[in-house]
$ cat structure.cif   # mmCIF, C-alpha atoms
data_data
loop_
_atom_site.label_atom_id
_atom_site.label_comp_id
_atom_site.auth_asym_id
_atom_site.auth_seq_id
_atom_site.Cartn_x
_atom_site.Cartn_y
_atom_site.Cartn_z
CA MET A 332 -13.28 19.56 4.11
CA MET A 333 -10.86 16.70 3.49
CA HIS A 334 -9.11 16.78 0.12
CA ALA A 335 -9.19 13.52 -1.85
CA TYR A 336 -7.04 12.65 -4.88
CA PHE A 337 -7.40 10.26 -7.81
CA SER A 338 -6.19 10.00 -11.41
CA ASP A 339 -8.13 8.25 -14.17
CA ASP A 340 -4.79 6.88 -15.42
CA GLN A 341 -4.93 4.52 -12.45
CA LEU A 342 -7.68 2.59 -14.22
CA ARG A 343 -5.48 1.63 -17.19
CA HIS A 344 -3.65 -1.30 -15.56
CA HIS A 345 -5.53 -4.60 -15.47
CA GLY A 346 -3.63 -7.71 -14.44
CA LYS A 347 -5.35 -10.82 -15.78
CA THR A 348 -4.40 -13.93 -13.82
CA PHE A 349 -2.13 -15.18 -11.06
CA ILE A 350 -1.32 -18.58 -9.58
CA VAL A 351 -3.15 -19.71 -6.43
CA ALA A 352 -2.52 -23.24 -5.14
CA GLY A 353 -1.19 -24.21 -8.54
CA GLU A 354 -4.19 -22.87 -10.49
CA LYS A 355 -4.64 -19.80 -12.65
CA LYS A 356 -7.23 -17.49 -11.15
CA PRO A 357 -8.41 -13.98 -12.03
CA ILE A 358 -6.52 -11.20 -10.28
CA PRO A 359 -8.98 -9.45 -7.92
CA GLU A 360 -7.09 -6.14 -8.03
CA VAL A 361 -9.26 -4.77 -10.86
CA PRO A 362 -10.17 -1.23 -12.01
CA GLU A 363 -13.68 -1.79 -10.63
CA ARG A 364 -12.23 -1.50 -7.12
CA ALA A 365 -11.33 2.11 -7.73
CA GLU A 366 -14.71 2.86 -9.26
CA ILE A 367 -16.47 1.44 -6.20
CA LEU A 368 -14.26 3.42 -3.84
CA ARG A 369 -14.76 6.54 -5.93
CA GLY A 370 -18.49 6.11 -5.42
CA ALA A 371 -17.99 6.04 -1.65
CA VAL A 372 -15.94 9.24 -1.85
CA GLY A 373 -18.81 10.89 -3.74
CA ARG A 374 -21.30 9.69 -1.15
CA LEU A 375 -19.12 11.33 1.51
CA GLY A 376 -19.44 14.61 -0.36
CA LEU A 377 -15.72 14.86 -1.08
CA ASP A 378 -14.41 16.17 -4.38
CA LEU A 379 -11.72 14.08 -6.04
CA HIS A 380 -8.83 16.20 -7.27
CA ALA A 381 -6.52 15.05 -10.05
CA PRO A 382 -2.92 15.05 -8.82
CA SER A 383 -0.35 17.23 -10.52
CA ASP A 384 2.70 15.50 -11.97
CA ALA A 385 5.51 15.83 -9.43
CA GLY A 386 7.90 13.90 -11.65
CA LEU A 387 10.03 10.88 -10.87
CA ALA A 388 12.17 12.33 -8.08
CA PRO A 389 9.78 11.57 -5.16
CA ILE A 390 9.41 7.99 -6.43
CA ALA A 391 13.18 7.61 -6.92
CA ALA A 392 13.64 8.63 -3.28
CA ILE A 393 12.18 5.20 -2.41
CA HIS A 394 12.79 2.96 -5.43
CA ASP A 395 16.04 1.99 -7.17
CA ALA A 396 16.74 3.52 -10.58
CA GLN A 397 17.31 0.04 -12.03
CA TYR A 398 13.87 -1.07 -10.85
CA LEU A 399 12.12 2.03 -12.18
CA ASN A 400 13.77 1.49 -15.56
CA PHE A 401 12.61 -2.14 -15.49
CA LEU A 402 8.98 -1.17 -14.93
CA GLN A 403 9.11 1.27 -17.83
CA THR A 404 10.89 -0.95 -20.36
CA ILE A 405 10.34 -4.62 -19.52
CA HIS A 406 7.13 -5.10 -21.51
CA ASP A 407 8.81 -4.05 -24.76
CA GLU A 408 11.82 -6.25 -23.99
CA TRP A 409 9.51 -9.15 -23.19
CA GLN A 410 7.72 -8.77 -26.50
CA ASP A 411 11.04 -8.66 -28.35
CA VAL A 412 11.83 -12.21 -27.19
CA GLY A 413 8.35 -13.53 -28.01
CA GLY A 414 6.85 -13.18 -24.54
CA ALA A 415 3.13 -13.39 -23.78
CA GLU A 416 0.77 -10.43 -23.41
CA GLN A 417 1.83 -9.78 -19.82
CA VAL A 418 5.22 -10.15 -18.15
CA ILE A 419 5.02 -12.91 -15.53
CA PRO A 420 8.15 -14.50 -14.02
CA ASN A 421 8.87 -18.21 -14.26
CA ILE A 422 12.13 -18.18 -12.30
CA HIS A 423 13.43 -16.38 -9.21
CA PRO A 424 16.96 -16.01 -7.81
CA PHE A 425 18.05 -17.59 -4.53
CA ASP A 426 19.36 -14.11 -3.71
CA ARG A 427 20.00 -10.89 -5.58
CA THR A 428 23.73 -10.48 -4.99
CA GLY A 429 24.93 -11.81 -8.35
CA PRO A 430 25.19 -10.05 -11.71
CA TYR A 431 22.05 -8.35 -12.98
CA PRO A 432 20.41 -10.47 -15.72
CA ARG A 433 20.50 -9.37 -19.34
CA HIS A 434 17.58 -11.51 -20.55
CA PRO A 435 14.01 -10.24 -19.89
CA ALA A 436 13.03 -13.53 -18.19
CA GLY A 437 15.87 -13.06 -15.70
CA LYS A 438 14.94 -9.44 -15.11
CA ALA A 439 11.31 -10.41 -14.53
CA GLY A 440 12.28 -12.98 -11.92
CA PHE A 441 14.65 -10.51 -10.28
CA HIS A 442 12.07 -7.74 -9.86
CA LEU A 443 8.66 -9.47 -9.71
CA GLY A 444 8.37 -11.28 -6.40
CA ASP A 445 5.38 -13.45 -7.33
CA THR A 446 2.84 -14.01 -10.10
CA SER A 447 0.35 -11.44 -8.79
CA CYS A 448 2.12 -8.44 -10.31
CA PRO A 449 2.18 -8.96 -14.10
CA VAL A 450 3.41 -6.09 -16.24
CA SER A 451 1.32 -5.00 -19.23
CA PRO A 452 1.81 -2.03 -21.59
CA THR A 453 -0.20 0.18 -19.21
CA THR A 454 1.14 -0.98 -15.84
CA TRP A 455 3.78 1.73 -15.50
CA HIS A 456 1.28 4.47 -16.36
CA SER A 457 -1.16 3.35 -13.67
CA ALA A 458 1.50 2.71 -11.03
CA TYR A 459 3.08 6.11 -11.74
CA ALA A 460 -0.33 7.83 -11.48
CA SER A 461 -1.04 5.98 -8.23
CA ALA A 462 2.23 7.25 -6.77
CA GLN A 463 1.45 10.80 -7.94
CA THR A 464 -1.88 10.52 -6.12
CA ALA A 465 -0.08 9.68 -2.87
CA ILE A 466 2.43 12.49 -3.43
CA ALA A 467 -0.36 15.01 -3.98
CA ALA A 468 -2.11 14.02 -0.75
CA ALA A 469 1.14 14.15 1.23
CA ARG A 470 2.04 17.56 -0.19
CA HIS A 471 -1.42 18.92 0.56
CA VAL A 472 -0.87 18.06 4.21
CA ARG A 473 2.80 19.04 4.25
CA ASP A 474 2.62 22.32 2.34
CA GLN A 475 -0.95 23.56 2.79
CA GLY A 476 -1.29 22.95 6.51
CA ALA A 477 -4.21 20.55 6.08
CA LYS A 478 -4.98 18.16 8.92
CA THR A 479 -5.60 15.25 6.57
CA ALA A 480 -5.95 14.11 2.95
CA TYR A 481 -7.04 10.89 1.24
CA ALA A 482 -5.20 9.29 -1.69
CA LEU A 483 -7.35 6.81 -3.63
CA CYS A 484 -4.36 4.82 -4.85
CA ARG A 485 -4.74 1.97 -7.31
CA PRO A 486 -2.78 -0.21 -7.87
CA PRO A 487 -1.83 -0.45 -4.20
CA GLY A 488 1.74 -0.31 -2.95
CA HIS A 489 2.63 -1.73 0.45
CA HIS A 490 4.06 -5.05 -0.79
CA ALA A 491 6.56 -3.30 -3.08
CA SER A 492 10.08 -2.88 -1.73
CA GLY A 493 12.80 -0.69 -3.16
CA ASN A 494 13.37 -2.98 -6.14
CA ILE A 495 10.79 -5.80 -6.00
CA ALA A 496 7.08 -5.82 -6.87
CA GLY A 497 4.65 -8.22 -5.20
CA GLY A 498 1.08 -8.71 -4.10
CA PHE A 499 -0.48 -6.50 -6.83
CA CYS A 500 1.94 -3.69 -5.82
CA TYR A 501 4.55 -1.95 -7.98
CA LEU A 502 5.39 1.38 -6.32
CA ASN A 503 5.11 1.77 -2.55
CA ASN A 504 2.68 4.68 -2.29
CA SER A 505 2.63 4.76 1.52
CA ALA A 506 6.42 4.85 1.71
CA ILE A 507 6.58 7.55 -0.96
CA ALA A 508 4.04 9.64 1.00
CA ALA A 509 6.00 9.15 4.23
CA GLU A 510 9.24 10.27 2.57
CA GLU A 511 7.46 13.37 1.27
CA LEU A 512 6.31 14.15 4.81
CA ARG A 513 9.84 13.64 6.12
CA ARG A 514 10.94 16.70 4.15
CA LYS A 515 9.10 18.75 6.77
CA TYR A 516 8.52 16.49 9.76
CA ASP A 517 11.29 14.85 11.79
CA ARG A 518 9.35 11.77 12.87
CA VAL A 519 6.77 10.02 10.69
CA ALA A 520 4.82 6.85 11.49
CA ILE A 521 3.22 4.51 8.95
CA LEU A 522 0.32 2.52 10.38
CA ASP A 523 -0.79 -0.30 8.08
CA VAL A 524 -4.28 -1.69 8.75
CA ASP A 525 -4.47 -3.86 5.62
CA LEU A 526 -5.36 -7.56 5.91
CA HIS A 527 -1.88 -8.42 4.65
CA HIS A 528 1.39 -7.41 6.25
CA GLY A 529 3.07 -4.43 4.57
CA ASN A 530 6.31 -6.27 3.92
CA GLY A 531 7.58 -3.82 1.31
CA THR A 532 7.10 -0.87 3.63
CA GLN A 533 8.84 -2.72 6.45
CA HIS A 534 11.79 -3.56 4.20
CA ILE A 535 12.21 0.04 3.01
CA PHE A 536 12.40 1.54 6.50
CA TYR A 537 13.75 -1.41 8.52
CA ASP A 538 17.10 0.25 9.28
CA ARG A 539 15.71 3.72 9.97
CA SER A 540 14.60 5.40 13.20
CA ASP A 541 12.96 8.47 11.64
CA VAL A 542 10.06 6.47 10.19
CA MET A 543 8.28 4.05 12.51
CA THR A 544 6.41 1.24 10.75
CA LEU A 545 3.47 -0.55 12.37
CA SER A 546 1.29 -3.24 10.83
CA ILE A 547 -1.84 -5.07 12.01
CA HIS A 548 -2.58 -8.07 9.79
CA ALA A 549 -3.51 -11.73 9.48
CA ASP A 550 -0.82 -14.00 10.91
CA PRO A 551 1.75 -14.67 8.15
CA MET A 552 2.34 -18.17 9.51
CA ASP A 553 -0.92 -18.94 7.70
CA PHE A 554 -1.35 -16.08 5.23
CA TYR A 555 0.35 -14.01 2.52
CA PRO A 556 3.11 -12.73 2.53
CA PHE A 557 4.16 -15.66 4.78
CA TYR A 558 7.84 -14.77 5.21
CA TRP A 559 7.47 -11.36 6.88
CA GLY A 560 5.19 -9.73 9.42
CA HIS A 561 6.05 -11.71 12.53
CA ALA A 562 6.04 -10.08 15.96
CA GLU A 563 9.77 -10.56 16.53
CA GLU A 564 10.70 -8.40 13.51
CA ALA A 565 11.65 -5.23 15.36
CA GLY A 566 13.98 -3.41 12.95
CA ALA A 567 17.76 -3.45 12.59
CA GLN A 568 20.70 -1.13 13.22
CA ASP A 569 19.36 2.42 13.68
CA GLY A 570 15.85 1.09 13.14
CA LEU A 571 15.91 -1.43 15.97
CA GLY A 572 12.74 -0.92 17.99
CA PHE A 573 11.02 1.12 15.28
CA ASN A 574 9.19 -1.69 13.46
CA HIS A 575 6.15 -3.23 15.13
CA ASN A 576 4.04 -6.10 13.82
CA GLN A 577 0.80 -7.41 15.32
CA PRO A 578 -0.18 -10.64 13.56
CA LEU A 579 -3.76 -11.65 14.33
CA PRO A 580 -5.27 -15.15 14.27
CA LEU A 581 -7.23 -15.90 11.12
CA GLY A 582 -10.90 -15.00 11.51
CA SER A 583 -10.29 -12.25 14.08
CA GLY A 584 -13.03 -9.64 14.16
CA ASP A 585 -13.72 -6.17 15.47
CA ALA A 586 -12.73 -6.60 19.12
CA VAL A 587 -9.35 -8.22 18.44
CA PHE A 588 -8.50 -5.73 15.70
CA LEU A 589 -9.48 -2.72 17.81
CA ASP A 590 -7.39 -3.96 20.75
CA ALA A 591 -4.39 -4.25 18.43
CA LEU A 592 -5.11 -0.77 17.10
CA ASP A 593 -5.08 0.67 20.61
CA ARG A 594 -1.60 -0.79 21.13
CA ALA A 595 -0.39 0.60 17.81
CA LEU A 596 -1.73 4.07 18.55
CA ALA A 597 -0.04 4.01 21.96
CA ARG A 598 3.27 3.25 20.23
CA ILE A 599 2.74 6.13 17.81
CA ASP A 600 2.10 8.39 20.80
CA ASP A 601 5.26 7.16 22.53
CA PHE A 602 7.21 7.77 19.32
CA ALA A 603 5.88 11.36 19.34
CA ALA A 604 5.17 11.23 15.62
CA ASP A 605 4.97 14.60 13.88
CA ALA A 606 2.90 13.13 11.03
CA VAL A 607 1.28 9.79 10.19
CA VAL A 608 0.53 7.81 7.04
CA ILE A 609 -2.32 5.31 7.28
CA ALA A 610 -1.91 2.44 4.82
CA LEU A 611 -5.66 1.99 4.51
CA GLY A 612 -6.45 -1.56 3.53
CA LEU A 613 -10.13 -2.53 3.66
CA ASP A 614 -9.57 -6.24 3.02
CA ALA A 615 -9.78 -7.09 6.73
CA SER A 616 -13.52 -7.00 6.03
CA ARG A 617 -15.64 -10.05 6.83
CA ASP A 618 -16.95 -9.80 3.25
CA ASP A 619 -13.62 -9.50 1.45
CA PRO A 620 -12.92 -12.37 -0.98
CA PHE A 621 -9.57 -13.08 0.70
CA GLY A 622 -11.41 -14.01 3.90
CA GLY A 623 -8.56 -13.63 6.39
CA LEU A 624 -10.22 -11.44 9.04
CA THR A 625 -13.83 -10.55 9.87
CA VAL A 626 -14.03 -6.81 10.57
CA SER A 627 -17.56 -5.42 10.14
CA PRO A 628 -18.56 -2.06 8.60
CA ASP A 629 -19.17 -0.80 12.15
CA GLY A 630 -15.68 -2.03 13.00
CA PHE A 631 -14.24 0.13 10.22
CA ALA A 632 -16.12 3.10 11.65
CA ARG A 633 -14.52 2.40 15.03
CA ILE A 634 -11.09 2.02 13.43
CA GLY A 635 -11.54 5.38 11.70
CA GLU A 636 -12.76 6.97 14.91
CA LYS A 637 -9.73 5.78 16.88
CA ILE A 638 -7.27 6.86 14.18
CA GLY A 639 -9.07 10.19 13.97
CA THR A 640 -7.99 10.98 17.53
CA LEU A 641 -4.41 11.42 16.34
CA SER A 642 -3.47 15.05 16.85
CA CYS A 643 -0.82 15.15 14.11
CA PRO A 644 -1.30 15.59 10.33
CA THR A 645 -2.47 12.34 8.72
CA VAL A 646 -2.39 11.08 5.14
CA LEU A 647 -4.73 8.22 4.23
CA VAL A 648 -3.31 6.07 1.41
CA GLN A 649 -5.58 3.41 -0.06
CA GLU A 650 -4.10 -0.09 -0.08
CA GLY A 651 -6.14 -3.31 -0.41
CA GLY A 652 -9.82 -4.04 -0.24
CA TYR A 653 -11.40 -6.06 -3.03
CA VAL A 654 -14.78 -6.21 -4.71
CA SER A 655 -17.50 -7.18 -2.25
CA GLU A 656 -20.97 -6.01 -1.32
CA THR A 657 -19.57 -3.86 1.52
CA LEU A 658 -16.37 -2.45 -0.03
CA ALA A 659 -17.86 1.02 -0.55
CA GLU A 660 -19.61 0.90 2.81
CA ASN A 661 -16.37 0.05 4.62
CA LEU A 662 -14.59 3.09 3.18
CA TYR A 663 -17.62 5.26 3.90
CA GLN A 664 -17.73 4.09 7.51
CA PHE A 665 -13.98 4.48 8.04
CA ILE A 666 -13.79 8.05 6.74
CA SER A 667 -17.03 9.00 8.50
CA GLY A 668 -15.63 7.72 11.78
CA PHE A 669 -12.28 9.36 11.13
CA GLY A 670 -13.88 12.72 10.37
CA ALA A 671 -16.15 12.57 13.41
CA THR A 672 -13.15 12.76 15.75
CA THR A 673 -10.65 14.78 13.71
CA LYS A 674 -10.01 17.94 15.69
CA THR A 675 -9.76 20.26 12.68
CA ASN A 676 -11.01 20.21 9.09
CA PRO A 677 -13.87 17.79 9.85
CA ILE A 678 -15.66 16.06 6.99
#
$ encode --input "structure.cif" --output "structure tokens"
Amino acid sequence: MMHAYFSDDQLRHHGKTFIVAGEKKPIPEVPERAEILRGAVGRLGLDLHAPSDAGLAPIAAIHDAQYLNFLQTIHDEWQDVGGAEQVIPNIHPFDRTGPYPRHPAGKAGFHLGDTSCPVSPTTWHSAYASAQTAIAAARHVRDQGAKTAYALCRPPGHHASGNIAGGFCYLNNSAIAAEELRRKYDRVAILDVDLHHGNGTQHIFYDRSDVMTLSIHADPMDFYPFYWGHAEEAGAQDGLGFNHNQPLPLGSGDAVFLDALDRALARIDDFAADAVVIALGLDASRDDPFGGLTVSPDGFARIGEKIGTLSCPTVLVQEGGYVSETLAENLYQFISGFGATTKTNPI
């Protein structure tokens, strides 16, 4: 039976508001998401295992030491200068090549890419626990010979780069899992099926040929993260040809998404991946509050079924997917479809 991982510490972070079209709105990345998804895992008959603490080293393999120190200390520094309850940037650099700021406001603008990733006293604890969840799932596959494992990660991670948070993401769980797999497997692919492009993941591996990154997402010409995720972004230096983006027109549904998935899976096959990480966003749903794509619950079952045909070890890392009437159903359908075609260790 598939192993699934989750830590209650992941519920501690709760970002309050972010700016949308000039207005403050509630952040939809709430602890309730994890509770809903945990219910779907129970319905599937899977036990959720608490991850062990693997320490900071697997996280530091992906994220800069300066950034990790920022996440752990910035809230206290912010309070020392009279900052509000949560750390939210009000200024950003044109680039990050100059001297590192000394003032907390400068540090916040340096490391927080937008207003959707506020830092509270509990943010580091939840982000750290989320990363440990991904590490545990990756190590279960890598070290125990399991065909697959599911990491119920919250907060998500795929918008976080090596030193910048964004899009509700602080630590890049999918990248951390992939790097853990690389300790055993020569070639790892990360397939991101979230509504939004995994710009942080792309940035981390853009110059590398040992980790192929693939993303299917709403067209960033019209949708967050806007500046990355275009089809012509193919990688650089050693990584040229190892990054693949498939932006989809807004409103695309099951058929368009599944066609794109077929192309992505063919690329993974051509790459001869030894292991795969699935950045499992569920916000491509027709019922998701972000409303970018229109995948149905049956579509998620088909997506899971197609991904389940992969013959190599696969780690499922939860990314987006926000509170809606079908959030639990979409995860249930995906994992049910995935397990129906997995060659070993079926659900």
$ residues_around --input "structure.cif" --residues "Asp569 (chain A)" --least-positions-apart "2" --cutoff "10 Å" --atoms "only C-alpha atoms" --output "list in words"
Tyr537, Asp538, Arg539, Ser540, Asp541, Gly566, Ala567, Leu571, Gly572 and Phe573 of chain A
$ closest_atom_pairs --input "structure.cif" --of "region 415-534 of chain A" --to "region 617-625 of chain A" --cutoff "12 Å" --atoms "all atoms listed in the file" --output "tab-separated table"
residue	atom	partner	partner_atom	distance
A:Val524	CA	A:Leu624	CA	11.4
A:Asp525	CA	A:Leu624	CA	10.1
A:Leu526	CA	A:Gly623	CA	6.9
A:His527	CA	A:Gly623	CA	8.6
A:His528	CA	A:Gly623	CA	11.7
$ closest_residue --input "structure.cif" --among "A:Ala615, A:Ala460, A:Leu377, A:Val412" --to "Leu658 (chain A)" --atoms "only C-alpha atoms"
A:Ala615
$ residues_around --input "structure.cif" --residues "Val648 (chain A)" --least-positions-apart "2" --cutoff "12 Å" --atoms "only C-alpha atoms" --output "ChimeraX atom specification"
/A:335-337,461-469,479-489,503-509,521-525,607-613,645-646,650-651,662,666
$ residues_around --input "structure.cif" --residues "region 417-431 of chain A" --least-positions-apart "4" --cutoff "12 Å" --atoms "only C-alpha atoms" --output "PyMOL selection string"
chain A and resi 344-350+397-398+401-402+404-413+435-454+494-497
$ write_last_selection --input "structure.cif" --atoms "C-alpha atoms" --output "PDB file, keeping the file's coordinate frame"
ATOM      1  CA  HIS A 344      -3.650  -1.300 -15.560  1.00  0.00           C
ATOM      2  CA  HIS A 345      -5.530  -4.600 -15.470  1.00  0.00           C
ATOM      3  CA  GLY A 346      -3.630  -7.710 -14.440  1.00  0.00           C
ATOM      4  CA  LYS A 347      -5.350 -10.820 -15.780  1.00  0.00           C
ATOM      5  CA  THR A 348      -4.400 -13.930 -13.820  1.00  0.00           C
ATOM      6  CA  PHE A 349      -2.130 -15.180 -11.060  1.00  0.00           C
ATOM      7  CA  ILE A 350      -1.320 -18.580  -9.580  1.00  0.00           C
ATOM      8  CA  GLN A 397      17.310   0.040 -12.030  1.00  0.00           C
ATOM      9  CA  TYR A 398      13.870  -1.070 -10.850  1.00  0.00           C
ATOM     10  CA  PHE A 401      12.610  -2.140 -15.490  1.00  0.00           C
ATOM     11  CA  LEU A 402       8.980  -1.170 -14.930  1.00  0.00           C
ATOM     12  CA  THR A 404      10.890  -0.950 -20.360  1.00  0.00           C
ATOM     13  CA  ILE A 405      10.340  -4.620 -19.520  1.00  0.00           C
ATOM     14  CA  HIS A 406       7.130  -5.100 -21.510  1.00  0.00           C
ATOM     15  CA  ASP A 407       8.810  -4.050 -24.760  1.00  0.00           C
ATOM     16  CA  GLU A 408      11.820  -6.250 -23.990  1.00  0.00           C
ATOM     17  CA  TRP A 409       9.510  -9.150 -23.190  1.00  0.00           C
ATOM     18  CA  GLN A 410       7.720  -8.770 -26.500  1.00  0.00           C
ATOM     19  CA  ASP A 411      11.040  -8.660 -28.350  1.00  0.00           C
ATOM     20  CA  VAL A 412      11.830 -12.210 -27.190  1.00  0.00           C
ATOM     21  CA  GLY A 413       8.350 -13.530 -28.010  1.00  0.00           C
ATOM     22  CA  PRO A 435      14.010 -10.240 -19.890  1.00  0.00           C
ATOM     23  CA  ALA A 436      13.030 -13.530 -18.190  1.00  0.00           C
ATOM     24  CA  GLY A 437      15.870 -13.060 -15.700  1.00  0.00           C
ATOM     25  CA  LYS A 438      14.940  -9.440 -15.110  1.00  0.00           C
ATOM     26  CA  ALA A 439      11.310 -10.410 -14.530  1.00  0.00           C
ATOM     27  CA  GLY A 440      12.280 -12.980 -11.920  1.00  0.00           C
ATOM     28  CA  PHE A 441      14.650 -10.510 -10.280  1.00  0.00           C
ATOM     29  CA  HIS A 442      12.070  -7.740  -9.860  1.00  0.00           C
ATOM     30  CA  LEU A 443       8.660  -9.470  -9.710  1.00  0.00           C
ATOM     31  CA  GLY A 444       8.370 -11.280  -6.400  1.00  0.00           C
ATOM     32  CA  ASP A 445       5.380 -13.450  -7.330  1.00  0.00           C
ATOM     33  CA  THR A 446       2.840 -14.010 -10.100  1.00  0.00           C
ATOM     34  CA  SER A 447       0.350 -11.440  -8.790  1.00  0.00           C
ATOM     35  CA  CYS A 448       2.120  -8.440 -10.310  1.00  0.00           C
ATOM     36  CA  PRO A 449       2.180  -8.960 -14.100  1.00  0.00           C
ATOM     37  CA  VAL A 450       3.410  -6.090 -16.240  1.00  0.00           C
ATOM     38  CA  SER A 451       1.320  -5.000 -19.230  1.00  0.00           C
ATOM     39  CA  PRO A 452       1.810  -2.030 -21.590  1.00  0.00           C
ATOM     40  CA  THR A 453      -0.200   0.180 -19.210  1.00  0.00           C
ATOM     41  CA  THR A 454       1.140  -0.980 -15.840  1.00  0.00           C
ATOM     42  CA  ASN A 494      13.370  -2.980  -6.140  1.00  0.00           C
ATOM     43  CA  ILE A 495      10.790  -5.800  -6.000  1.00  0.00           C
ATOM     44  CA  ALA A 496       7.080  -5.820  -6.870  1.00  0.00           C
ATOM     45  CA  GLY A 497       4.650  -8.220  -5.200  1.00  0.00           C
TER      46      GLY A 497
END
$ resolve_selection --input "structure.cif" --expression "the PyMOL selection byres ((chain A and resi 631-640) around 7)" --output "PyMOL selection string"
chain A and resi 589+626-630+641-642+661+664-673
$ atom_distance --input "structure.cif" --atom1 "CA of Arg470 (chain A)" --atom2 "CA of His394 (chain A)"
18.9 Å
$ atom_distance --input "structure.cif" --atom1 "CA of Gly531 (chain A)" --atom2 "CA of Arg369 (chain A)"
25.7 Å
$ resolve_selection --input "structure.cif" --expression "the PyMOL selection byres ((chain A and resi 371) around 9)" --output "JSON, numbers by chain"
{"A": [366, 367, 368, 369, 370, 372, 373, 374, 375, 376, 658, 659, 660, 661, 662, 663]}
$ atom_distance --input "structure.cif" --atom1 "CA of Met333 (chain A)" --atom2 "CA of Ala392 (chain A)"
26.7 Å
$ closest_residue --input "structure.cif" --among "A:Leu579, A:Ala396, A:Ile599, A:Cys643" --to "Leu512 (chain A)" --atoms "all atoms listed in the file"
A:Cys643
$ closest_residue --input "structure.cif" --among "A:Val654, A:Ile358, A:Ala520, A:Leu342" --to "Gly498 (chain A)" --atoms "only C-alpha atoms"
A:Ile358
$ residues_around --input "structure.cif" --residues "Met552 (chain A)" --least-positions-apart "6" --cutoff "12 Å" --atoms "all atoms listed in the file" --output "number ranges by chain"
A: 527-528, 558-562, 578-581
$ build_atoms --input "structure.cif" --residues "region 539-543 of chain A" --atoms "all heavy atoms" --output "PDB file, keeping the file's coordinate frame"
ATOM      1  N   ARG A 539      15.840   2.294   9.689  1.00  0.00           N
ATOM      2  CA  ARG A 539      15.710   3.720   9.970  1.00  0.00           C
ATOM      3  C   ARG A 539      14.910   3.981  11.250  1.00  0.00           C
ATOM      4  O   ARG A 539      13.958   3.273  11.552  1.00  0.00           O
ATOM      5  CB  ARG A 539      15.043   4.432   8.788  1.00  0.00           C
ATOM      6  CG  ARG A 539      15.939   4.513   7.576  1.00  0.00           C
ATOM      7  CD  ARG A 539      15.239   5.056   6.363  1.00  0.00           C
ATOM      8  NE  ARG A 539      14.575   6.347   6.558  1.00  0.00           N
ATOM      9  CZ  ARG A 539      14.029   7.054   5.575  1.00  0.00           C
ATOM     10  NH1 ARG A 539      14.089   6.610   4.327  1.00  0.00           N
ATOM     11  NH2 ARG A 539      13.429   8.205   5.835  1.00  0.00           N
ATOM     12  N   SER A 540      15.292   5.030  11.966  1.00  0.00           N
ATOM     13  CA  SER A 540      14.600   5.400  13.200  1.00  0.00           C
ATOM     14  C   SER A 540      13.708   6.617  13.022  1.00  0.00           C
ATOM     15  O   SER A 540      12.966   6.971  13.934  1.00  0.00           O
ATOM     16  CB  SER A 540      15.618   5.691  14.308  1.00  0.00           C
ATOM     17  OG  SER A 540      16.471   6.776  13.938  1.00  0.00           O
ATOM     18  N   ASP A 541      13.771   7.269  11.853  1.00  0.00           N
ATOM     19  CA  ASP A 541      12.960   8.470  11.640  1.00  0.00           C
ATOM     20  C   ASP A 541      11.567   8.146  11.136  1.00  0.00           C
ATOM     21  O   ASP A 541      10.677   9.006  11.177  1.00  0.00           O
ATOM     22  CB  ASP A 541      13.663   9.420  10.663  1.00  0.00           C
ATOM     23  CG  ASP A 541      13.947   8.779   9.320  1.00  0.00           C
ATOM     24  OD1 ASP A 541      14.185   7.558   9.279  1.00  0.00           O
ATOM     25  OD2 ASP A 541      13.950   9.508   8.301  1.00  0.00           O
ATOM     26  N   VAL A 542      11.371   6.922  10.636  1.00  0.00           N
ATOM     27  CA  VAL A 542      10.060   6.470  10.190  1.00  0.00           C
ATOM     28  C   VAL A 542       9.715   5.182  10.932  1.00  0.00           C
ATOM     29  O   VAL A 542      10.367   4.151  10.732  1.00  0.00           O
ATOM     30  CB  VAL A 542      10.013   6.240   8.672  1.00  0.00           C
ATOM     31  CG1 VAL A 542       8.637   5.724   8.252  1.00  0.00           C
ATOM     32  CG2 VAL A 542      10.352   7.522   7.917  1.00  0.00           C
ATOM     33  N   MET A 543       8.733   5.248  11.801  1.00  0.00           N
ATOM     34  CA  MET A 543       8.280   4.050  12.510  1.00  0.00           C
ATOM     35  C   MET A 543       7.232   3.341  11.662  1.00  0.00           C
ATOM     36  O   MET A 543       6.312   3.969  11.133  1.00  0.00           O
ATOM     37  CB  MET A 543       7.674   4.409  13.874  1.00  0.00           C
ATOM     38  CG  MET A 543       7.041   3.221  14.601  1.00  0.00           C
ATOM     39  SD  MET A 543       6.382   3.648  16.233  1.00  0.00           S
ATOM     40  CE  MET A 543       7.899   3.615  17.195  1.00  0.00           C
TER      41      MET A 543
END
